[in-house]
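Q: mmCIF, C-alpha atoms, saved as query_3.cif, coming up:
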data_work
loop_
_atom_site.label_atom_id
_atom_site.label_comp_id
_atom_site.auth_asym_id
_atom_site.auth_seq_id
_atom_site.Cartn_x
_atom_site.Cartn_y
_atom_site.Cartn_z
CA MET A 1 86.83 93.42 83.22
CA ILE A 2 89.70 95.27 84.88
CA SER A 3 90.71 94.17 88.39
CA ILE A 4 92.14 97.10 90.36
CA ILE A 5 94.26 96.02 93.31
CA VAL A 6 94.48 98.53 96.15
CA PRO A 7 96.79 97.70 99.06
CA VAL A 8 95.68 99.56 102.18
CA TYR A 9 97.61 100.14 105.37
CA ASN A 10 96.53 102.89 107.77
CA CYS A 11 95.23 105.26 105.08
CA GLU A 12 92.21 106.58 106.99
CA ASN A 13 92.98 110.23 106.23
CA TYR A 14 93.09 109.72 102.46
CA LEU A 15 91.23 106.49 101.72
CA GLU A 16 87.71 107.83 101.15
CA LYS A 17 88.90 110.44 98.65
CA SER A 18 90.88 107.77 96.82
CA ILE A 19 88.00 105.31 96.63
CA GLU A 20 85.61 108.06 95.54
CA SER A 21 87.91 108.75 92.58
CA LEU A 22 87.49 105.10 91.57
CA LEU A 23 83.70 105.35 91.90
CA LYS A 24 83.75 108.24 89.42
CA GLN A 25 85.55 106.24 86.75
CA THR A 26 83.79 106.24 83.38
CA PHE A 27 84.62 102.53 83.30
CA PHE A 28 83.29 101.85 86.80
CA ARG A 29 80.88 99.08 85.77
CA GLN A 30 83.75 97.23 84.11
CA LEU A 31 85.90 97.39 87.24
CA GLU A 32 86.53 94.86 89.99
CA ILE A 33 88.02 96.81 92.90
CA ILE A 34 89.96 94.65 95.35
CA LEU A 35 90.85 96.45 98.60
CA VAL A 36 93.57 94.50 100.39
CA ASP A 37 93.71 95.38 104.08
CA ASP A 38 97.32 94.78 105.10
CA GLY A 39 96.61 94.62 108.84
CA SER A 40 95.55 98.25 109.29
CA THR A 41 95.23 99.43 112.89
CA ASP A 42 93.28 102.63 112.19
CA THR A 43 89.74 102.99 110.79
CA SER A 44 90.73 101.96 107.24
CA ALA A 45 88.99 98.58 107.61
CA ILE A 46 85.71 100.28 108.58
CA ILE A 47 85.93 102.60 105.57
CA MET A 48 86.61 99.72 103.20
CA LYS A 49 83.76 97.64 104.60
CA LYS A 50 81.34 100.54 104.07
CA TYR A 51 82.12 100.72 100.36
CA ALA A 52 82.13 96.93 99.88
CA GLU A 53 78.66 96.69 101.40
CA LYS A 54 77.33 99.37 99.05
CA TYR A 55 78.93 98.30 95.74
CA LYS A 56 78.88 94.75 94.37
CA ASN A 57 82.10 95.21 92.39
CA ILE A 58 84.11 96.23 95.46
CA LYS A 59 85.46 93.57 97.77
CA VAL A 60 87.76 93.54 100.76
CA VAL A 61 90.34 90.88 101.52
CA SER A 62 92.38 90.98 104.71
CA GLN A 63 95.77 89.73 105.83
CA ARG A 64 98.20 90.18 108.67
CA ASN A 65 100.56 93.10 108.11
CA SER A 66 103.07 91.72 105.62
CA GLY A 67 103.97 94.68 103.42
CA VAL A 68 102.76 96.14 100.16
CA SER A 69 104.26 93.43 97.93
CA SER A 70 102.49 90.70 99.85
CA ALA A 71 99.23 92.67 99.70
CA ARG A 72 99.51 93.08 95.93
CA ASN A 73 100.34 89.40 95.46
CA HIS A 74 97.26 88.57 97.54
CA GLY A 75 95.19 90.85 95.34
CA ILE A 76 96.53 89.18 92.19
CA GLU A 77 95.38 85.80 93.53
CA GLU A 78 91.89 87.20 94.07
CA ALA A 79 91.65 89.01 90.73
CA THR A 80 89.21 87.64 88.13
CA GLY A 81 89.54 90.34 85.46
CA GLU A 82 91.21 89.94 82.07
CA TYR A 83 93.30 93.00 82.91
CA ILE A 84 94.93 94.14 86.13
CA ALA A 85 95.76 97.62 87.43
CA PHE A 86 97.33 98.80 90.67
CA PHE A 87 96.20 101.78 92.71
CA ASP A 88 97.54 103.27 95.95
CA GLY A 89 95.07 103.98 98.74
CA ASP A 90 96.25 107.56 99.27
CA ASP A 91 96.31 108.71 95.62
CA VAL A 92 93.63 109.99 93.22
CA ALA A 93 92.68 108.85 89.71
CA GLU A 94 91.23 111.09 87.01
CA ASN A 95 87.78 109.97 85.80
CA THR A 96 88.95 108.52 82.48
CA LEU A 97 92.11 106.75 83.68
CA TYR A 98 91.01 103.14 83.19
CA GLU A 99 88.90 103.73 80.10
CA HIS A 100 91.87 105.43 78.45
CA LEU A 101 94.33 102.72 79.50
CA TYR A 102 91.98 100.06 78.14
CA GLN A 103 91.46 101.85 74.83
CA ILE A 104 95.21 102.26 74.34
CA MET A 105 95.75 98.59 75.12
CA ILE A 106 93.05 97.30 72.75
CA SER A 107 93.64 99.66 69.84
CA ASN A 108 97.35 98.81 69.74
CA HIS A 109 97.02 95.07 70.53
CA ALA A 110 99.48 95.76 73.34
CA ASP A 111 100.60 93.75 76.35
CA LEU A 112 100.98 96.90 78.45
CA SER A 113 99.59 100.42 78.24
CA CYS A 114 100.99 103.49 80.00
CA VAL A 115 99.78 107.05 80.59
CA ASN A 116 101.22 110.09 82.31
CA TYR A 117 100.84 111.08 85.94
CA SER A 118 101.37 114.12 88.12
CA MET A 119 103.29 114.30 91.37
CA SER A 120 101.61 116.40 94.05
CA PHE A 121 103.94 117.68 96.75
CA SER A 122 103.13 118.70 100.30
CA ASP A 123 103.80 122.36 99.50
CA GLY A 124 100.85 122.36 97.09
CA THR A 125 102.90 122.25 93.88
CA THR A 126 102.45 119.64 91.15
CA LYS A 127 104.71 118.35 88.40
CA VAL A 128 103.80 116.22 85.38
CA HIS A 129 106.27 113.35 85.47
CA LYS A 130 106.87 112.28 81.87
CA LYS A 131 107.56 114.09 78.63
CA LEU A 132 104.61 114.15 76.23
CA CYS A 133 104.58 111.50 73.55
CA LYS A 134 102.45 108.86 71.87
CA LYS A 135 104.22 105.77 70.58
CA ASN A 136 104.51 102.01 70.66
CA ILE A 137 107.65 100.10 71.65
CA TYR A 138 108.27 96.63 70.28
CA GLY A 139 110.27 93.52 71.08
CA ASP A 140 113.87 93.91 72.23
CA GLU A 141 113.53 97.68 72.41
CA ILE A 142 111.09 97.41 75.32
CA LEU A 143 113.58 96.49 78.04
CA GLU A 144 116.19 98.88 76.70
CA SER A 145 113.69 101.74 76.87
CA PHE A 146 112.66 100.72 80.38
CA LEU A 147 116.25 100.69 81.62
CA LYS A 148 117.41 103.87 79.86
CA ASP A 149 114.57 106.38 79.78
CA ASN A 150 111.40 107.35 81.59
CA LEU A 151 108.74 106.64 78.96
CA ILE A 152 107.66 103.31 80.44
CA GLY A 153 108.81 104.10 83.96
CA ILE A 154 109.25 101.96 87.06
CA ASN A 155 105.89 102.74 88.66
CA ILE A 156 102.83 100.51 88.34
CA PHE A 157 99.89 102.85 89.00
CA ASP A 158 100.08 104.50 85.54
CA LYS A 159 99.78 101.18 83.69
CA LEU A 160 97.33 98.49 82.63
CA PHE A 161 98.57 94.89 82.63
CA LYS A 162 97.29 91.65 81.14
CA ALA A 163 96.24 89.23 83.87
CA SER A 164 97.57 86.30 81.84
CA ILE A 165 101.10 87.72 82.15
CA VAL A 166 100.78 89.12 85.68
CA LYS A 167 99.80 85.70 87.03
CA GLN A 168 103.13 84.29 85.81
CA ILE A 169 105.16 86.62 88.02
CA GLU A 170 104.90 88.23 91.46
CA PHE A 171 106.09 91.16 93.52
CA PRO A 172 109.30 90.39 95.44
CA GLU A 173 108.41 90.20 99.11
CA GLY A 174 110.76 91.32 101.86
CA TYR A 175 111.72 94.54 100.07
CA ALA A 176 110.50 98.01 101.05
CA ILE A 177 111.72 99.98 98.02
CA GLY A 178 112.21 99.02 94.37
CA GLU A 179 109.66 96.20 94.27
CA ASP A 180 107.62 98.00 91.58
CA MET A 181 110.72 98.39 89.41
CA TYR A 182 111.47 94.67 89.60
CA PHE A 183 107.85 93.70 88.94
CA VAL A 184 107.69 95.86 85.81
CA PHE A 185 111.04 94.41 84.68
CA GLN A 186 109.69 90.87 85.00
CA TYR A 187 106.51 91.80 83.17
CA LEU A 188 108.30 93.48 80.28
CA ARG A 189 110.45 90.41 79.70
CA LEU A 190 107.22 88.63 78.75
CA SER A 191 105.82 91.48 76.64
CA ASN A 192 105.93 92.13 72.89
CA ILE A 193 104.17 95.49 72.52
CA VAL A 194 104.02 98.43 74.93
CA ALA A 195 101.64 101.26 74.04
CA ILE A 196 102.42 104.68 75.53
CA ASP A 197 100.30 107.82 75.55
CA THR A 198 101.66 110.42 77.94
CA THR A 199 99.75 113.31 76.37
CA LYS A 200 97.33 113.15 79.31
CA SER A 201 98.13 113.10 83.02
CA LEU A 202 95.47 110.85 84.52
CA TYR A 203 96.84 109.87 87.94
CA ASP A 204 97.68 112.08 90.90
CA TYR A 205 100.59 110.60 92.86
CA CYS A 206 100.62 112.24 96.27
CA ILE A 207 104.07 112.62 97.85
CA ARG A 208 103.69 113.08 101.60
CA THR A 209 106.06 114.95 103.91
CA ASN A 210 107.51 111.61 105.06
CA SER A 211 108.62 110.68 101.53
CA ALA A 212 112.01 109.07 100.90
CA MET A 213 113.87 112.30 100.20
CA LYS A 214 112.85 113.67 103.60
CA SER A 215 112.73 110.67 105.91
CA GLN A 216 115.49 109.34 108.13
CA PHE A 217 117.98 107.11 106.34
CA SER A 218 117.64 103.38 106.97
CA ALA A 219 118.70 100.04 105.51
CA LYS A 220 115.50 99.80 103.44
CA TYR A 221 117.00 102.24 100.92
CA PHE A 222 119.51 99.57 99.91
CA ASP A 223 116.61 97.45 98.59
CA SER A 224 116.33 99.28 95.28
CA VAL A 225 120.05 98.78 94.63
CA ASP A 226 119.81 95.08 95.48
CA LEU A 227 116.86 94.64 93.12
CA ALA A 228 118.62 96.58 90.36
CA ALA A 229 121.60 94.23 90.81
CA LEU A 230 119.24 91.24 90.59
CA MET A 231 117.83 92.57 87.31
CA MET A 232 121.36 92.92 85.98
CA ARG A 233 122.28 89.36 86.97
CA GLU A 234 119.23 87.96 85.19
CA LEU A 235 120.42 89.25 81.81
CA PRO A 236 123.17 87.68 79.67
CA LYS A 237 126.40 89.67 79.97
CA ASN A 238 127.01 89.64 76.23
CA LEU A 239 123.87 91.65 75.47
CA THR A 240 123.46 95.41 75.27
CA LEU A 241 120.62 95.01 77.75
CA TYR A 242 123.10 93.94 80.42
CA SER A 243 125.01 97.20 80.01
CA CYS A 244 121.73 99.12 80.23
CA ALA A 245 120.85 97.24 83.42
CA GLU A 246 124.30 97.98 84.82
CA ALA A 247 123.78 101.68 84.09
CA ASN A 248 120.43 101.50 85.87
CA TYR A 249 122.14 99.84 88.85
CA ILE A 250 124.65 102.70 88.97
CA HIS A 251 121.82 105.24 88.93
CA GLU A 252 120.08 103.49 91.83
CA ILE A 253 123.34 103.82 93.78
CA CYS A 254 123.38 107.55 92.98
CA LYS A 255 119.89 107.94 94.42
CA VAL A 256 120.75 106.06 97.61
CA LEU A 257 123.88 108.12 98.12
CA ALA A 258 121.82 111.29 97.74
CA LEU A 259 119.47 110.09 100.47
CA TYR A 260 122.38 109.16 102.71
CA TYR A 261 124.15 112.51 102.37
CA GLN A 262 120.98 114.29 103.50
CA ASN A 263 120.47 112.08 106.56
CA GLN A 264 123.86 110.59 107.37
CA ASP A 265 124.02 107.67 109.77
CA ALA A 266 127.34 106.17 110.84
CA ASN A 267 125.74 102.70 111.05
CA TYR A 268 125.78 102.47 107.27
CA ILE A 269 129.15 104.00 106.47
CA LYS A 270 130.70 100.67 105.35
CA LYS A 271 127.97 100.07 102.79
CA ILE A 272 128.15 103.66 101.60
CA GLU A 273 131.90 103.41 101.09
CA GLU A 274 131.35 100.29 98.97
CA TYR A 275 128.84 102.16 96.83
CA LYS A 276 131.23 105.08 96.39
CA LYS A 277 133.92 102.71 95.12
CA VAL A 278 131.50 101.16 92.62
CA LEU A 279 130.50 104.61 91.41
CA LYS A 280 134.10 105.74 91.06
CA SER A 281 135.13 102.67 89.08
CA TYR A 282 132.23 102.86 86.62
CA SER A 283 133.33 104.06 83.18
CA ILE A 284 132.13 107.53 82.18
CA LEU A 285 132.19 106.38 78.54
CA LYS A 286 129.81 103.53 79.38
CA ALA A 287 127.63 105.92 81.33
CA TYR A 288 127.42 108.28 78.36
CA LYS A 289 126.51 105.40 76.04
CA TYR A 290 123.99 103.55 78.17
CA MET A 291 122.41 106.18 80.43
CA SER A 292 119.74 108.72 79.61
CA ARG A 293 120.92 112.33 79.61
CA LYS A 294 119.37 112.97 83.04
CA HIS A 295 120.92 109.89 84.58
CA PHE A 296 124.31 110.71 83.06
CA VAL A 297 124.14 114.21 84.56
CA SER A 298 123.18 112.61 87.90
CA LEU A 299 126.26 110.40 87.87
CA VAL A 300 128.66 113.19 86.92
CA LEU A 301 127.27 115.47 89.60
CA MET A 302 127.39 112.77 92.25
CA ARG A 303 131.03 112.05 91.46
CA ILE A 304 131.99 115.74 91.45
CA SER A 305 129.78 117.06 94.25
CA PRO A 306 126.98 115.16 96.02
CA GLN A 307 125.61 118.45 97.32
CA CYS A 308 125.18 119.72 93.75
CA TYR A 309 123.35 116.52 92.88
CA ILE A 310 121.01 116.93 95.83
CA PHE A 311 120.37 120.58 95.01
CA LEU A 312 119.47 119.79 91.41
CA TYR A 313 117.39 116.77 92.45
CA LYS A 314 115.22 119.04 94.54
CA LEU A 315 115.13 121.74 91.86
CA MET A 316 114.55 119.55 88.77
CA ARG A 317 113.62 116.12 90.15
CA ILE A 318 116.38 114.61 88.01
CA GLY A 319 116.31 111.31 89.93
#
Taking this structure as input, can you express it in the form of structure tokens?
A:
Amino acid sequence: MISIIVPVYNCENYLEKSIESLLKQTFFRQLEIILVDDGSTDTSAIIMKKYAEKYKNIKVVSQRNSGVSSARNHGIEEATGEYIAFFDGDDVAENTLYEHLYQIMISNHADLSCVNYSMSFSDGTTKVHKKLCKKNIYGDEILESFLKDNLIGINIFDKLFKASIVKQIEFPEGYAIGEDMYFVFQYLRLSNIVAIDTTKSLYDYCIRTNSAMKSQFSAKYFDSVDLAALMMRELPKNLTLYSCAEANYIHEICKVLALYYQNQDANYIKKIEEYKKVLKSYSILKAYKYMSRKHFVSLVLMRISPQCYIFLYKLMRIG
């Protein structure tokens, strides 16, 4: 059985469509759908209750509003399946998502399986996120791939996890951004085989008009940098992986600076100046060696002209 954990907070406008996409799964009878109500104040609770009353394999658990990490951790505690997946209450899954993830996992004796996904933007356009490939990654190469390229990726909704590993870790609570990245990092440290098949895009990730690149800048955007720094500190400095984690940390700084330059706020100027110094002192030779091509281009552009970086981010989604 696959336990699908769905944190829900005020998703009334999208929730029914999202749940209906789970009902249409070819693997529906093998699913345990756990809807975690994170203190919603709209009609989300009523919608969830309606589905739980109709389907035996859908259940609702409730908590006071504590954030998405807390909701997912709560869902993990409730999960009884051998495998665990995560789904967002305002996105849509293709019908074969979980069957395909399961087949990839089993056929490759993997600890983690990954597929492709599409980003849907508010202007009606869509973009497939990952390059097309089909491969397995083994042992020490797993973390290096995670830190350097986009094949595994930092998101959790395009993946299937083993419950036996998931229950050894948890989502970091108290962070608003970057918690998925850190969770996947923890999981991969306990994994031996990752099976990837990005030849099919099976998840529709809906980016709303209030997404990070458009919303007002706030202190929460520092969270991803702090978590990237934590990942770096948890690796021995004498390993190549540390240098890869450092490069990832630098890239997270690039992304935060891009957000800041679009929505500048004098309250954060001290922190931003610190980030700029870190970026300036980072070796271009190390960046070339340990960053992916896209991330290397991001760094060079940010150091030369933040406005060029922002323009290309919007044009090519290089972040």
Q: Rank A:Tyr203, A:Tyr242, A:Tyr309, A:Tyr290 by their smallest atom-to-atom distance to Gln25 in chain A, using only C-alpha atoms, and report the top residue only.
A: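 When distances to Gln25 in chain A are compared using only C-alpha atoms, the smallest one comes from A:Tyr203.
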Q: Evaluating the PyMOL selection byres ((chain A and resi 41-46) around 12) on the displayed file yields which residues, as an MDAnalysis selection string?
A: chainID A and resid 7:16 18:19 35:40 47:53 59:65 89:90
Q: Can you tell me which residues surround range 135-143 of chain A at a distance of at most 12 Å, considering only C-alpha atoms, apart from same-chain residues fewer than 4 positions away, and format the answer as a PyMOL selection string?
A: chain A and resi 104-105+107-115+147-154+181-182+184-199+231-232+235+239-245+248
Q: State, in Å with one decimal place, the distance from CA of Lys159 in chain A to CA of Ser218 in chain A.
A: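 It comes out at 29.4 Å.
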Q: To test your reading of the syntax: which residues would the PyMOL selection byres ((chain A and resi 270-272) around 12) return for the file shown? Reply as a PyMOL selection string.
A: chain A and resi 217-219+221-222+225+253-261+264-269+273-279
Q: Pop range 58-113 of chain A out of the structure in the block and write C-alpha atoms as a compact mmCIF listing (two decimals), in the first residue's frame.
A:
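The resulting file, selection-v2.txt, is shown below:
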# COMPACT_ATOMS: atom_id res chain seq x y z
CA ILE A 58 -9.43 8.32 2.65
CA LYS A 59 -9.05 9.69 6.15
CA VAL A 60 -8.80 13.15 7.65
CA VAL A 61 -6.57 14.12 10.55
CA SER A 62 -6.67 17.61 12.01
CA GLN A 63 -4.26 19.86 13.86
CA ARG A 64 -3.91 23.47 14.87
CA ASN A 65 -2.27 25.59 12.18
CA SER A 66 1.40 24.69 12.51
CA GLY A 67 2.74 24.81 8.96
CA VAL A 68 3.23 22.36 6.13
CA SER A 69 6.21 20.56 7.69
CA SER A 70 4.28 19.83 10.85
CA ALA A 71 1.30 18.63 8.78
CA ARG A 72 3.50 16.25 6.79
CA ASN A 73 5.16 14.94 9.94
CA HIS A 74 1.69 14.33 11.37
CA GLY A 75 0.74 12.46 8.21
CA ILE A 76 3.88 10.31 8.42
CA GLU A 77 2.89 9.28 11.96
CA GLU A 78 -0.53 8.22 10.69
CA ALA A 79 0.73 6.40 7.59
CA THR A 80 0.43 2.59 7.50
CA GLY A 81 1.61 1.94 3.93
CA GLU A 82 4.89 0.32 2.93
CA TYR A 83 5.52 3.34 0.70
CA ILE A 84 4.87 7.03 1.21
CA ALA A 85 4.15 9.81 -1.28
CA PHE A 86 3.42 13.50 -0.80
CA PHE A 87 0.80 15.50 -2.66
CA ASP A 88 -0.17 19.17 -2.48
CA GLY A 89 -3.84 20.04 -2.07
CA ASP A 90 -3.88 22.51 -4.96
CA ASP A 91 -2.09 20.39 -7.59
CA VAL A 92 -3.23 17.64 -9.97
CA ALA A 93 -1.86 14.12 -10.56
CA GLU A 94 -2.03 12.24 -13.85
CA ASN A 95 -3.95 8.95 -13.62
CA THR A 96 -0.90 6.67 -13.70
CA LEU A 97 1.37 8.65 -11.36
CA TYR A 98 1.47 6.24 -8.43
CA GLU A 99 1.31 3.04 -10.45
CA HIS A 100 4.28 4.24 -12.49
CA LEU A 101 6.27 5.34 -9.43
CA TYR A 102 5.62 1.96 -7.81
CA GLN A 103 6.64 0.00 -10.90
CA ILE A 104 9.87 1.96 -11.22
CA MET A 105 10.63 1.38 -7.54
CA ILE A 106 9.97 -2.38 -7.62
CA SER A 107 11.57 -3.19 -10.97
CA ASN A 108 14.81 -1.46 -9.99
CA HIS A 109 14.86 -2.57 -6.31
CA ALA A 110 15.20 1.13 -5.52
CA ASP A 111 14.89 3.13 -2.33
CA LEU A 112 13.42 6.09 -4.20
CA SER A 113 11.70 6.54 -7.54
